[in-house]
>>> print(open('coords_4.cif').read())   # mmCIF, C-alpha atoms and all ligand atoms
data_start
loop_
_atom_site.group_PDB
_atom_site.id
_atom_site.type_symbol
_atom_site.label_atom_id
_atom_site.label_comp_id
_atom_site.auth_asym_id
_atom_site.auth_seq_id
_atom_site.Cartn_x
_atom_site.Cartn_y
_atom_site.Cartn_z
ATOM 1 C CA MET A 157 13.018 -0.104 2.270
ATOM 2 C CA GLY A 158 14.515 -3.461 1.300
ATOM 3 C CA GLU A 159 17.947 -3.980 -0.186
ATOM 4 C CA GLU A 160 19.820 -1.048 -1.720
ATOM 5 C CA VAL A 161 19.957 -0.600 -5.471
ATOM 6 C CA GLU A 162 23.055 0.429 -7.369
ATOM 7 C CA SER A 163 22.508 4.136 -7.598
ATOM 8 C CA SER A 164 23.877 6.733 -9.932
ATOM 9 C CA VAL A 165 22.099 9.411 -7.878
ATOM 10 C CA PRO A 166 24.459 11.538 -5.733
ATOM 11 C CA ARG A 167 23.422 11.561 -2.051
ATOM 12 C CA THR A 168 23.525 15.343 -2.087
ATOM 13 C CA HIS A 169 20.799 15.556 -4.721
ATOM 14 C CA PRO A 170 17.821 17.450 -3.216
ATOM 15 C CA ARG A 171 15.456 14.725 -4.411
ATOM 16 C CA TYR A 172 17.786 11.841 -3.540
ATOM 17 C CA LYS A 173 15.193 9.715 -1.696
ATOM 18 C CA SER A 174 12.562 10.117 -4.371
ATOM 19 C CA LEU A 175 15.034 9.262 -7.143
ATOM 20 C CA LEU A 176 16.181 6.198 -5.244
ATOM 21 C CA VAL A 177 12.583 4.979 -5.038
ATOM 22 C CA ARG A 178 12.259 5.450 -8.812
ATOM 23 C CA GLU A 179 15.429 3.439 -9.369
ATOM 24 C CA ARG A 180 14.083 0.578 -7.281
ATOM 25 C CA LEU A 181 11.001 0.417 -9.479
ATOM 26 C CA ILE A 182 13.051 0.571 -12.662
ATOM 27 C CA LYS A 183 15.201 -2.282 -11.355
ATOM 28 C CA GLY A 184 12.021 -4.248 -10.577
ATOM 29 C CA PHE A 185 10.789 -3.561 -14.090
ATOM 30 C CA GLU A 186 14.076 -4.713 -15.615
ATOM 31 C CA GLU A 187 13.944 -7.856 -13.498
ATOM 32 C CA GLY A 188 10.464 -8.541 -14.824
ATOM 33 C CA TYR A 189 8.217 -8.216 -11.780
ATOM 34 C CA VAL A 190 7.129 -4.562 -11.902
ATOM 35 C CA ALA A 191 4.574 -3.971 -14.672
ATOM 36 C CA ARG A 192 4.893 -1.101 -17.151
ATOM 37 C CA ALA A 193 1.624 0.250 -15.786
ATOM 38 C CA GLY A 194 3.222 0.092 -12.323
ATOM 39 C CA LEU A 195 5.783 2.678 -13.429
ATOM 40 C CA ILE A 196 2.992 4.944 -14.658
ATOM 41 C CA ALA A 197 1.044 4.452 -11.416
ATOM 42 C CA HIS A 198 4.132 5.519 -9.490
ATOM 43 C CA GLY A 199 4.217 8.767 -11.469
ATOM 44 C CA ARG A 200 0.630 9.452 -10.436
ATOM 45 C CA GLY A 201 1.572 8.762 -6.842
ATOM 46 C CA GLU A 202 4.598 11.103 -6.976
ATOM 47 C CA CYS A 203 2.402 13.894 -8.236
ATOM 48 C CA PHE A 204 0.127 13.618 -5.195
ATOM 49 C CA ASP A 205 3.148 13.298 -2.908
ATOM 50 C CA TYR A 206 4.329 16.717 -4.149
ATOM 51 C CA LEU A 207 0.925 18.144 -3.282
ATOM 52 C CA ILE A 208 0.933 16.544 0.169
ATOM 53 C CA GLY A 209 4.500 17.706 0.874
ATOM 54 C CA GLU A 210 6.213 14.275 0.920
ATOM 55 C CA THR A 211 5.459 13.740 4.565
ATOM 56 C CA THR A 212 3.082 11.548 6.598
ATOM 57 C CA ILE A 213 0.146 13.785 7.408
ATOM 58 C CA GLU A 214 -2.025 13.528 10.523
ATOM 59 C CA PRO A 215 -5.034 11.891 8.797
ATOM 60 C CA ALA A 216 -2.674 9.194 7.508
ATOM 61 C CA VAL A 217 -1.403 8.525 11.037
ATOM 62 C CA LYS A 218 -4.992 8.084 12.229
ATOM 63 C CA ALA A 219 -5.693 5.703 9.341
ATOM 64 C CA ILE A 220 -2.503 3.748 10.056
ATOM 65 C CA GLU A 221 -3.554 3.311 13.676
ATOM 66 C CA ALA A 222 -7.050 2.138 12.660
ATOM 67 C CA ALA A 223 -5.558 -0.184 10.033
ATOM 68 C CA ALA A 224 -3.224 -1.773 12.580
ATOM 69 C CA ALA A 225 -6.205 -2.283 14.917
ATOM 70 C CA ALA A 226 -8.318 -3.813 12.115
ATOM 71 C CA LEU A 227 -5.535 -6.225 11.135
ATOM 72 C CA LEU A 228 -4.978 -7.290 14.749
ATOM 73 C CA LEU A 229 -8.718 -7.860 15.261
ATOM 74 C CA ALA A 230 -9.173 -9.786 12.005
ATOM 75 C CA ARG A 231 -9.835 -13.526 11.920
ATOM 76 C CA ASN A 232 -8.230 -13.994 8.493
ATOM 77 C CA PRO A 233 -6.119 -10.969 7.593
ATOM 78 C CA VAL A 234 -4.352 -11.014 4.220
ATOM 79 C CA ILE A 235 -1.755 -8.636 2.777
ATOM 80 C CA SER A 236 -2.026 -8.408 -0.995
ATOM 81 C CA VAL A 237 1.305 -7.766 -2.744
ATOM 82 C CA ASN A 238 1.857 -6.459 -6.270
ATOM 83 C CA GLY A 239 5.057 -5.638 -8.160
ATOM 84 C CA ASN A 240 5.424 -2.066 -6.889
ATOM 85 C CA VAL A 241 4.935 -3.143 -3.283
ATOM 86 C CA ALA A 242 7.485 -5.955 -3.694
ATOM 87 C CA ALA A 243 9.983 -3.486 -5.171
ATOM 88 C CA LEU A 244 9.507 -0.793 -2.529
ATOM 89 C CA VAL A 245 8.713 -2.391 0.839
ATOM 90 C CA PRO A 246 9.316 -6.163 0.774
ATOM 91 C CA GLU A 247 10.899 -6.289 4.211
ATOM 92 C CA GLU A 248 8.177 -4.229 5.902
ATOM 93 C CA VAL A 249 5.399 -6.278 4.311
ATOM 94 C CA VAL A 250 6.888 -9.496 5.679
ATOM 95 C CA ARG A 251 7.397 -7.939 9.115
ATOM 96 C CA LEU A 252 3.840 -6.637 9.253
ATOM 97 C CA ALA A 253 2.474 -10.050 8.279
ATOM 98 C CA ASP A 254 4.449 -11.531 11.163
ATOM 99 C CA VAL A 255 3.246 -9.015 13.735
ATOM 100 C CA VAL A 256 -0.463 -9.237 12.854
ATOM 101 C CA ASN A 257 -0.358 -12.905 11.860
ATOM 102 C CA ALA A 258 -1.542 -12.207 8.304
ATOM 103 C CA LYS A 259 -1.118 -14.271 5.170
ATOM 104 C CA LEU A 260 0.830 -12.814 2.247
ATOM 105 C CA GLU A 261 -0.709 -13.200 -1.196
ATOM 106 C CA VAL A 262 0.665 -12.130 -4.568
ATOM 107 C CA ASN A 263 -2.065 -10.438 -6.553
ATOM 108 C CA LEU A 264 -1.421 -8.851 -9.913
ATOM 109 C CA PHE A 265 -3.471 -6.835 -12.347
ATOM 110 C CA TYR A 266 -1.153 -7.824 -15.196
ATOM 111 C CA ARG A 267 -0.649 -11.358 -14.017
ATOM 112 C CA THR A 268 1.926 -13.674 -15.490
ATOM 113 C CA GLU A 269 3.021 -16.807 -13.688
ATOM 114 C CA ASP A 270 6.632 -15.671 -14.003
ATOM 115 C CA ARG A 271 5.923 -12.289 -12.387
ATOM 116 C CA ALA A 272 3.947 -13.913 -9.551
ATOM 117 C CA ARG A 273 6.768 -16.361 -8.898
ATOM 118 C CA ARG A 274 9.403 -13.620 -8.857
ATOM 119 C CA ILE A 275 7.437 -11.600 -6.321
ATOM 120 C CA ALA A 276 7.009 -14.664 -4.106
ATOM 121 C CA GLU A 277 10.778 -15.221 -4.311
ATOM 122 C CA ILE A 278 11.467 -11.661 -3.189
ATOM 123 C CA LEU A 279 9.150 -12.049 -0.195
ATOM 124 C CA THR A 280 10.707 -15.402 0.691
ATOM 125 C CA ARG A 281 14.176 -13.824 0.486
ATOM 126 C CA HIS A 282 12.958 -11.251 2.993
ATOM 127 C CA GLY A 283 11.841 -13.917 5.455
ATOM 128 C CA ALA A 284 8.281 -14.854 4.405
ATOM 129 C CA ARG A 285 7.459 -18.396 5.500
ATOM 130 C CA GLU A 286 4.597 -18.806 3.063
ATOM 131 C CA VAL A 287 3.408 -16.806 0.056
ATOM 132 C CA LEU A 288 -0.010 -17.523 -1.431
ATOM 133 C CA GLY A 289 -1.256 -16.578 -4.879
ATOM 134 C CA VAL A 290 1.291 -18.356 -7.059
ATOM 135 C CA ASP A 291 0.246 -21.948 -7.849
ATOM 136 C CA ASP A 292 -2.896 -21.734 -5.723
ATOM 137 C CA ALA A 293 -4.545 -18.673 -7.351
ATOM 138 C CA VAL A 294 -7.467 -20.734 -8.620
ATOM 139 C CA ALA A 295 -10.511 -19.205 -6.928
ATOM 140 C CA GLU A 296 -12.238 -16.180 -8.460
ATOM 141 C CA ILE A 297 -13.581 -12.856 -7.225
ATOM 142 C CA PRO A 298 -16.979 -12.464 -8.922
ATOM 143 C CA GLU A 299 -17.610 -9.602 -11.381
ATOM 144 C CA LEU A 300 -13.977 -8.890 -12.124
ATOM 145 C CA LEU A 301 -12.612 -9.295 -15.623
ATOM 146 C CA SER A 302 -8.896 -8.788 -15.166
ATOM 147 C CA GLN A 303 -6.488 -11.500 -14.088
ATOM 148 C CA ARG A 304 -6.746 -9.842 -10.721
ATOM 149 C CA ARG A 305 -9.851 -11.855 -9.998
ATOM 150 C CA LYS A 306 -7.699 -14.958 -9.457
ATOM 151 C CA VAL A 307 -7.150 -15.433 -5.748
ATOM 152 C CA SER A 308 -6.119 -18.117 -3.302
ATOM 153 C CA ARG A 309 -8.806 -20.140 -1.529
ATOM 154 C CA ARG A 310 -6.746 -19.958 1.654
ATOM 155 C CA GLY A 311 -6.039 -16.245 1.291
ATOM 156 C CA ILE A 312 -8.060 -13.399 -0.174
ATOM 157 C CA LEU A 313 -11.115 -15.591 -0.888
ATOM 158 C CA ILE A 314 -11.743 -16.245 2.811
ATOM 159 C CA ALA A 315 -10.155 -13.076 4.229
ATOM 160 C CA ASP A 316 -12.223 -10.742 6.380
ATOM 161 C CA VAL A 317 -9.641 -7.927 6.235
ATOM 162 C CA VAL A 318 -7.429 -7.323 3.177
ATOM 163 C CA LEU A 319 -4.577 -4.843 3.161
ATOM 164 C CA ALA A 320 -4.187 -3.944 -0.516
ATOM 165 C CA PRO A 321 -1.708 -1.098 -1.027
ATOM 166 C CA LEU A 322 -1.703 0.633 -4.452
ATOM 167 C CA GLU A 323 -4.866 -1.153 -5.485
ATOM 168 C CA ASP A 324 -7.197 -0.436 -8.391
ATOM 169 C CA GLY A 325 -10.763 0.751 -7.949
ATOM 170 C CA ASP A 326 -12.594 -2.166 -9.559
ATOM 171 C CA ARG A 327 -11.000 -4.701 -7.348
ATOM 172 C CA THR A 328 -11.451 -2.690 -4.175
ATOM 173 C CA GLU A 329 -15.146 -2.330 -4.963
ATOM 174 C CA ALA A 330 -15.453 -6.049 -5.755
ATOM 175 C CA LEU A 331 -13.782 -7.009 -2.463
ATOM 176 C CA ARG A 332 -16.089 -4.641 -0.579
ATOM 177 C CA ARG A 333 -19.127 -6.193 -2.255
ATOM 178 C CA MET A 334 -17.894 -9.556 -0.990
ATOM 179 C CA GLY A 335 -18.216 -8.120 2.524
ATOM 180 C CA LYS A 336 -14.508 -7.685 3.201
ATOM 181 C CA SER A 337 -12.875 -4.748 4.943
ATOM 182 C CA VAL A 338 -10.284 -3.261 2.607
ATOM 183 C CA ILE A 339 -7.366 -1.208 3.852
ATOM 184 C CA THR A 340 -5.453 0.646 1.172
ATOM 185 C CA ILE A 341 -2.412 2.887 0.958
ATOM 186 C CA ASP A 342 -2.913 5.409 -1.839
ATOM 187 C CA LEU A 343 -1.408 8.860 -2.299
ATOM 188 C CA ASN A 344 -4.394 9.940 -4.365
ATOM 189 C CA PRO A 345 -7.290 10.803 -2.044
ATOM 190 C CA LEU A 346 -9.548 11.061 -5.109
ATOM 191 C CA SER A 347 -8.971 7.612 -6.593
ATOM 192 C CA ARG A 348 -11.847 5.162 -6.667
ATOM 193 C CA THR A 349 -9.794 2.909 -4.431
ATOM 194 C CA SER A 350 -9.359 5.642 -1.828
ATOM 195 C CA ARG A 351 -13.059 6.412 -1.981
ATOM 196 C CA SER A 352 -14.314 2.843 -1.713
ATOM 197 C CA ALA A 353 -11.865 1.361 0.810
ATOM 198 C CA THR A 354 -12.837 0.874 4.446
ATOM 199 C CA ILE A 355 -9.609 2.508 5.643
ATOM 200 C CA THR A 356 -7.545 4.731 3.340
ATOM 201 C CA ILE A 357 -4.000 5.676 4.254
ATOM 202 C CA VAL A 358 -3.168 8.722 2.116
ATOM 203 C CA ASP A 359 0.602 8.372 2.231
ATOM 204 C CA ASN A 360 3.538 7.017 0.294
ATOM 205 C CA VAL A 361 3.853 3.275 0.824
ATOM 206 C CA VAL A 362 7.573 3.737 1.647
ATOM 207 C CA ARG A 363 6.659 5.931 4.625
ATOM 208 C CA ALA A 364 3.392 4.252 5.625
ATOM 209 C CA MET A 365 4.554 0.629 5.786
ATOM 210 C CA PRO A 366 7.307 1.077 8.398
ATOM 211 C CA LYS A 367 4.842 3.116 10.482
ATOM 212 C CA MET A 368 2.226 0.363 10.176
ATOM 213 C CA VAL A 369 4.747 -2.132 11.560
ATOM 214 C CA GLU A 370 5.503 0.224 14.463
ATOM 215 C CA TYR A 371 1.816 0.757 15.266
ATOM 216 C CA ALA A 372 0.961 -2.913 14.904
ATOM 217 C CA ARG A 373 3.727 -3.803 17.379
ATOM 218 C CA GLU A 374 2.499 -1.245 19.871
ATOM 219 C CA LEU A 375 -1.189 -2.116 19.494
ATOM 220 C CA SER A 376 -0.511 -5.858 19.741
ATOM 221 C CA THR A 377 -0.348 -5.333 23.518
ATOM 222 C CA TYR A 378 -3.890 -3.827 23.602
ATOM 223 C CA SER A 379 -7.028 -5.712 24.590
ATOM 224 C CA ARG A 380 -9.654 -6.502 21.920
ATOM 225 C CA GLU A 381 -11.883 -3.867 23.547
ATOM 226 C CA GLY A 382 -9.131 -1.268 23.211
ATOM 227 C CA LEU A 383 -8.638 -2.149 19.534
ATOM 228 C CA THR A 384 -12.381 -2.121 18.883
ATOM 229 C CA ASP A 385 -12.595 1.368 20.434
ATOM 230 C CA ILE A 386 -9.934 2.626 18.028
ATOM 231 C CA LEU A 387 -11.835 1.161 15.069
ATOM 232 C CA ASN A 388 -15.212 2.474 16.211
ATOM 233 C CA ASN A 389 -13.812 5.988 16.557
ATOM 234 C CA TYR A 390 -12.347 5.961 13.050
ATOM 235 C CA ASP A 391 -14.165 7.724 10.204
ATOM 236 C CA ASN A 392 -12.737 7.154 6.710
ATOM 237 C CA ASN A 393 -14.777 9.885 5.106
ATOM 238 C CA GLU A 394 -13.315 12.347 7.588
ATOM 239 C CA THR A 395 -9.795 11.081 6.762
ATOM 240 C CA LEU A 396 -10.338 11.820 3.075
ATOM 241 C CA VAL A 397 -11.818 15.242 3.856
ATOM 242 C CA GLN A 398 -8.827 16.097 6.069
ATOM 243 C CA ALA A 399 -6.333 14.910 3.438
ATOM 244 C CA LEU A 400 -7.949 17.170 0.838
ATOM 245 C CA LYS A 401 -8.057 20.075 3.280
ATOM 246 C CA HIS A 402 -4.350 19.568 3.952
ATOM 247 C CA ILE A 403 -3.601 19.832 0.225
ATOM 248 C CA ILE A 404 -5.807 22.906 -0.207
ATOM 249 C CA LYS A 405 -4.185 24.668 2.760
ATOM 250 C CA ARG A 406 -0.693 23.801 1.600
ATOM 251 C CA LEU A 407 -1.296 25.001 -1.941
ATOM 252 C CA ASP A 408 -2.895 28.150 -0.605
ATOM 253 C CA GLU A 409 0.122 28.889 1.607
ATOM 254 C CA LEU A 410 2.555 28.079 -1.206
ATOM 255 C CA SER A 411 0.683 30.352 -3.578
ATOM 256 C CA GLN A 412 1.118 33.184 -1.094
ATOM 257 C CA SER A 413 4.845 32.363 -0.678
ATOM 258 C CA LYS A 414 4.285 31.470 2.975
ATOM 259 C CA LEU A 415 5.994 28.106 2.528
ATOM 260 C CA THR A 416 9.158 26.980 0.754
ATOM 261 C CA LEU A 417 8.734 23.904 -1.380
ATOM 262 C CA PHE A 418 11.928 22.004 -0.406
HETATM 263 P P1 LIG B 1 -8.511 3.945 -9.202
HETATM 264 O O1 LIG B 1 -8.778 2.764 -10.101
HETATM 265 O O2 LIG B 1 -8.454 3.558 -7.758
HETATM 266 O O3 LIG B 1 -9.410 5.135 -9.433
HETATM 267 P P2 LIG B 1 -5.991 4.227 -10.615
HETATM 268 O O4 LIG B 1 -6.581 4.013 -11.933
HETATM 269 O O5 LIG B 1 -4.951 5.277 -10.474
HETATM 270 O O6 LIG B 1 -7.056 4.525 -9.471
HETATM 271 P P3 LIG B 1 -4.081 2.154 -10.051
HETATM 272 O O7 LIG B 1 -3.175 2.590 -11.100
HETATM 273 O O8 LIG B 1 -4.275 0.706 -9.953
HETATM 274 O O9 LIG B 1 -5.504 2.799 -10.138
HETATM 275 O O10 LIG B 1 -3.683 2.697 -8.631
HETATM 276 C C1 LIG B 1 -2.470 2.988 -8.197
HETATM 277 C C2 LIG B 1 -2.655 4.049 -7.116
HETATM 278 O O11 LIG B 1 -1.528 4.013 -6.295
HETATM 279 C C3 LIG B 1 -2.760 5.463 -7.695
HETATM 280 O O12 LIG B 1 -3.841 6.145 -7.084
HETATM 281 C C4 LIG B 1 -1.434 6.134 -7.275
HETATM 282 O O13 LIG B 1 -1.610 7.491 -6.948
HETATM 283 C C5 LIG B 1 -1.059 5.325 -6.049
HETATM 284 N N1 LIG B 1 0.385 5.209 -5.817
HETATM 285 C C6 LIG B 1 1.376 5.018 -6.721
HETATM 286 N N2 LIG B 1 2.565 4.920 -6.124
HETATM 287 C C7 LIG B 1 2.333 5.038 -4.793
HETATM 288 C C8 LIG B 1 3.161 4.989 -3.646
HETATM 289 N N3 LIG B 1 4.486 4.838 -3.740
HETATM 290 N N4 LIG B 1 2.583 5.112 -2.439
HETATM 291 C C9 LIG B 1 1.234 5.276 -2.321
HETATM 292 N N5 LIG B 1 0.394 5.346 -3.372
HETATM 293 C C10 LIG B 1 0.932 5.219 -4.595
#
>>> encode(input="coords_4.cif", output="structure tokens")
Amino acid sequence: MGEEVESSVPRTHPRYKSLLVRERLIKGFEEGYVARAGLIAHGRGECFDYLIGETTIEPAVKAIEAAAAALLLARNPVISVNGNVAALVPEEVVRLADVVNAKLEVNLFYRTEDRARRIAEILTRHGAREVLGVDDAVAEIPELLSQRRKVSRRGILIADVVLAPLEDGDRTEALRRMGKSVITIDLNPLSRTSRSATITIVDNVVRAMPKMVEYARELSTYSREGLTDILNNYDNNETLVQALKHIIKRLDELSQSKLTLF
């Protein structure tokens, strides 16, 4: 995770990490770049993280590997960044863009020029050389009503692979209809985004992003054939099935007191 926030949470608190993540979002909200709805979305994510067990599960690792392969194989990969992503994993997003040679683009559901600019500043502070989607968000994704349809001509509009963590369903479906591969990170295996993405990483973005960087570094030494094999062997439907089975099994074991929660 990027820079530390002033924290009133004692390190000994059993939910220290989770509370720290919350504080980062609140700080982002107070600084004007995390949307109110972003705070609510985080609550939804936390709920699923409890069910998953706040750990990176095997199906997520498989999806991360396939995602790294897809980004490395892409002609025009783009990483789409919203307020929550900028608050939680700015450093990792910039690093990943470097490793897979992707463009970074600010893309907001509740777009204001001020919020877009602030997010670009955060990414620049973390080493981004270029951030699209601020002054150049003039092209449009067809069939979308929200401000989220505004995209950069040099970024999402021409991308073949878009990594869009914490995305909403409408936009994921619209990008898919445009023929793009969409990789998402979403703790909710039942969301429309999870269901319509090409590759769904059912994990917390704060755990998944550093792992993506690791995998991308390792896979960057592979041949195109090796990367294509990884992609061809990946089945997103199976990932979602396995994520749900993990939750069912865990809840079943918890309900029989076979597991302790923390
Ligand atoms: P959809 O439109 O896809 O059906 P939604 O209405 O919940 O879902 P959003 O609010 O745009 O759409 O999506 C945010 C998604 O991100 C939610 O599914 C939420 O569970 C997930 N999420 C929130 N915080 C995190 C996080 N830290 N890591 C991973 N996923 C998260």
>>> residues_around(input="coords_4.cif", residues="range 233-237 of chain A", least_positions_apart="6", cutoff="10 Å", atoms="only C-alpha atoms", output="PyMOL selection string")
chain A and resi 226-227+243+245-246+249-250+252-253+256-264+272+275-276+279+287-289+307+310-323+337-340
>>> residues_around(input="coords_4.cif", residues="range 328-332 of chain A", least_positions_apart="5", cutoff="8 Å", atoms="all atoms listed in the file", output="ChimeraX atom specification")
/A:297-300,323,337-338,349,352-353
>>> axis_aligned_box(input="coords_4.cif", around="range 400-413 of chain A", padding_each_side="4 Å", output="JSON")
{"center_x": -1.6, "center_y": 25.2, "center_z": 0.2, "size_x": 20.9, "size_y": 24.0, "size_z": 15.5}
>>> closest_atom_pairs(input="coords_4.cif", of="chain A", to="ligand LIG 1 (chain B)", cutoff="9 Å", atoms="all atoms listed in the file", output="tab-separated table")
residue	atom	partner	partner_atom	distance
A:Val177	CA	B:LIG1	N3	8.2
A:Ala193	CA	B:LIG1	O7	7.1
A:Gly194	CA	B:LIG1	O7	7.0
A:Leu195	CA	B:LIG1	N2	8.3
A:Ile196	CA	B:LIG1	O7	7.5
A:Ala197	CA	B:LIG1	O7	4.6
A:His198	CA	B:LIG1	N2	3.8
A:Gly199	CA	B:LIG1	C6	6.7
A:Arg200	CA	B:LIG1	O13	4.6
A:Gly201	CA	B:LIG1	O13	3.4
A:Glu202	CA	B:LIG1	N2	6.6
A:Cys203	CA	B:LIG1	O13	7.7
A:Phe204	CA	B:LIG1	O13	6.6
A:Asp205	CA	B:LIG1	N4	8.2
A:Asn240	CA	B:LIG1	N2	7.6
A:Val241	CA	B:LIG1	N3	8.0
A:Leu244	CA	B:LIG1	N3	7.6
A:Phe265	CA	B:LIG1	O8	8.0
A:Pro321	CA	B:LIG1	C9	7.1
A:Leu322	CA	B:LIG1	O11	3.9
A:Glu323	CA	B:LIG1	O8	4.9
A:Asp324	CA	B:LIG1	O8	3.5
A:Gly325	CA	B:LIG1	O1	3.6
A:Asp326	CA	B:LIG1	O1	6.3
A:Arg327	CA	B:LIG1	O1	8.3
A:Thr328	CA	B:LIG1	O2	7.8
A:Thr340	CA	B:LIG1	N5	8.8
A:Ile341	CA	B:LIG1	C9	5.5
A:Asp342	CA	B:LIG1	N5	3.6
A:Leu343	CA	B:LIG1	N5	4.1
A:Asn344	CA	B:LIG1	O13	4.5
A:Pro345	CA	B:LIG1	O12	7.7
A:Leu346	CA	B:LIG1	O3	7.3
A:Ser347	CA	B:LIG1	O3	3.8
A:Arg348	CA	B:LIG1	O3	3.7
A:Thr349	CA	B:LIG1	O2	3.6
A:Ser350	CA	B:LIG1	O2	6.4
A:Arg351	CA	B:LIG1	O2	7.9
A:Ser352	CA	B:LIG1	O2	8.4
A:Ile357	CA	B:LIG1	C9	8.4
A:Val358	CA	B:LIG1	C9	7.1
A:Asp359	CA	B:LIG1	C9	5.5
A:Asn360	CA	B:LIG1	N4	3.5
A:Val361	CA	B:LIG1	N4	4.0
A:Val362	CA	B:LIG1	N3	6.3
A:Arg363	CA	B:LIG1	N4	8.2
A:Ala364	CA	B:LIG1	N4	8.1
>>> closest_residue(input="coords_4.cif", among="A:Asn232, A:Arg167, A:Ile208, A:Thr395", to="Lys336 in chain A", atoms="only C-alpha atoms")
A:Asn232
>>> atom_distance(input="coords_4.cif", atom1="CA of Gly335 in chain A", atom2="CA of Thr354 in chain A")
10.7 Å
>>> residues_near_point(input="coords_4.cif", point="(-12.3, 9.0, 11.9)", cutoff="12 Å", atoms="all atoms listed in the file", output="PyMOL selection string")
chain A and resi 214-223+354-357+385-399
